[in-house]
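Here the structure comes first, spelled out in C-alpha cells, and everything after it is commentary.
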Amino acid sequence: QNKAYKDFCHYESMMLDHINKKILECLNYNSRAGTKKIAQEAKCTAQTVRNRIKILEKESGLKHTIELDTKKMGFEHEFFIRIKFKRNIVPKKSIIKRIVDRCPYVQFAAFTKGDFDLFIWSICKDVKNYEENMEAKLRVELDEFIEDWTAHSLLRRRCGFVPVDNDIIELSNIQKHRKI
C-alpha cells in the first residue's frame with residue numbers, strides 16, 4: 001500500500017474513532033474542558049486525549065474558539081436577511097463588501113444562488129436599532145439593486161459565534177472600564 005493511502009486510512013480512522021467523537025463532543029459542549037475530564041468521558045487516558053487533540057488540530061483543522069453571549073453584550077435580537085436583486089441591476093461584489101463592512105451589526109454575509117442572492121446575519125440591540133441601522137441605512141444604500149428584502153428575527157438559540165471587533169465591542173453594553 002502506498003503512503004498516501006495509509007495516510008488517508010489513518011485520517012479516516014481518526015475521524016470515525018469513538019474516542020475522537022467523544023473528544024469533539026466534550027469540546028463542543030465546553031471548549032475549556034480539561035483533558036482529565038474528557039479522558040473520563042472518552043474512557044481513555046489524559047495523554048491519549050492530548051495526543052488526539054494535537055492530531056485533530058493538525059489533520060482536521062480543529063480550532064478552539066470563544067463564543068460570546070450576544071444577549072449579555074446587549075444585542076437582544078438577531079436577524080436573518082434575504083435579499084433578491086433586480087435582474088438587470090446586480091451590484092458588484094466590491095460594492096456589497098464596502099457597504100456591509102461599514103455596518104458593524106452585520107456578522108456574516110454571503111452570496112447565494114436560488115430564491116435569493118444575498119444572505120445577511122445581523123445582531124441588534126432591539127427592533128428600533130435594527131430599523132435605524134439595517135433598514136434605514138444598509139437597505140437604503142442597496143435600494144437601487146433590491147427587488148425583495150425579507151428579514152426574519154431569529155427566535156431560537158443559535159450555534160455559532162460573534163466575530164469580535166472593536167466596533168461591535170463599542171456598541172455593546174459592556175461597561176466602559178472593561179472595554180480596553
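Residues are named by chain letter and number: chains run A, B, ... in the order of the C-alpha cells, numbers start at 1 in each chain, and ligands are numbered from 1 in the order shown.
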
Contact check, stretch 28-114 of chain A to stretch 126-133 of chain A, at most 12 Å, counting only C-alpha atoms, closest pairs as a Markdown table:
```
| residue | atom | partner | partner_atom | distance |
| --- | --- | --- | --- | --- |
| A:Thr70 | CA | A:Asp126 | CA | 11.9 |
| A:Lys71 | CA | A:Asp126 | CA | 10.6 |
| A:Gly74 | CA | A:Asp126 | CA | 8.9 |
| A:Phe75 | CA | A:Asp126 | CA | 7.0 |
| A:Glu76 | CA | A:Asp126 | CA | 6.0 |
| A:His77 | CA | A:Asp126 | CA | 5.8 |
| A:Glu78 | CA | A:Asp126 | CA | 8.9 |
| A:Phe79 | CA | A:Tyr130 | CA | 8.4 |
| A:Phe80 | CA | A:Tyr130 | CA | 11.3 |
| A:Ile81 | CA | A:Tyr130 | CA | 11.2 |
| A:Ile99 | CA | A:Asn133 | CA | 12.0 |
| A:Val100 | CA | A:Asn133 | CA | 11.3 |
| A:Arg102 | CA | A:Asn133 | CA | 10.7 |
| A:Cys103 | CA | A:Asn133 | CA | 7.8 |
| A:Pro104 | CA | A:Asn133 | CA | 9.4 |
| A:Tyr105 | CA | A:Asn133 | CA | 7.9 |
| A:Val106 | CA | A:Asn133 | CA | 9.9 |
```

Next item on the list: Once DSSP has gone over the backbone, tell me which residues of stretch 49-172 of chain A are in strand (DSSP E or B), as a PyMOL selection string.
Entry: chain A and resi 77-85+106-111+118-124+146-153

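Within 12 Å of stretch 27-33 of chain A, once only C-alpha atoms are used and residues closer than 3 positions along the same chain are dropped, the contacting residues are Asn20, Lys21, Lys22, Ile23, Leu24, Lys36, Lys37, Ile38, Ala39, Gln40, Glu41, Ala42, Ala46, Val49, Arg50, Ile53, Leu56, Leu62, Lys63, His64, Thr65, Ile66, Glu67, Cys159 and Gly160 of chain A.
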
Next item on the list: Using only C-alpha atoms, find the one residue out of A:Ala109, A:Ile83, A:Ile96, A:Cys44 that sits nearest to A:Trp149.
Entry: A:Ile83

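For A:Phe111, the residues within 12 Å (counting only C-alpha atoms, excluding itself and residues fewer than 2 positions away along the chain) are A:Ile81, A:Arg82, A:Ile83, A:Lys84, A:Phe85, A:Val90, A:Pro91, A:Lys92, A:Lys93, A:Ser94, A:Ile96, A:Lys97, A:Phe108, A:Ala109, A:Lys113, A:Gly114, A:Asp115, A:Phe116, A:Asp117, A:Leu118, A:Phe119, A:Ile120.
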
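Distance-wise, atom CA of A:Leu142 and atom CA of A:Leu171 end up 23.2 Å apart.
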
Next item on the list: List every residue of stretch 40-158 of chain A that DSSP, applied to the backbone, labels as helix (DSSP H, G or I), and write the result as an MDAnalysis selection string.
Entry: chainID A and resid 40:42 46:60 93:101 127:145
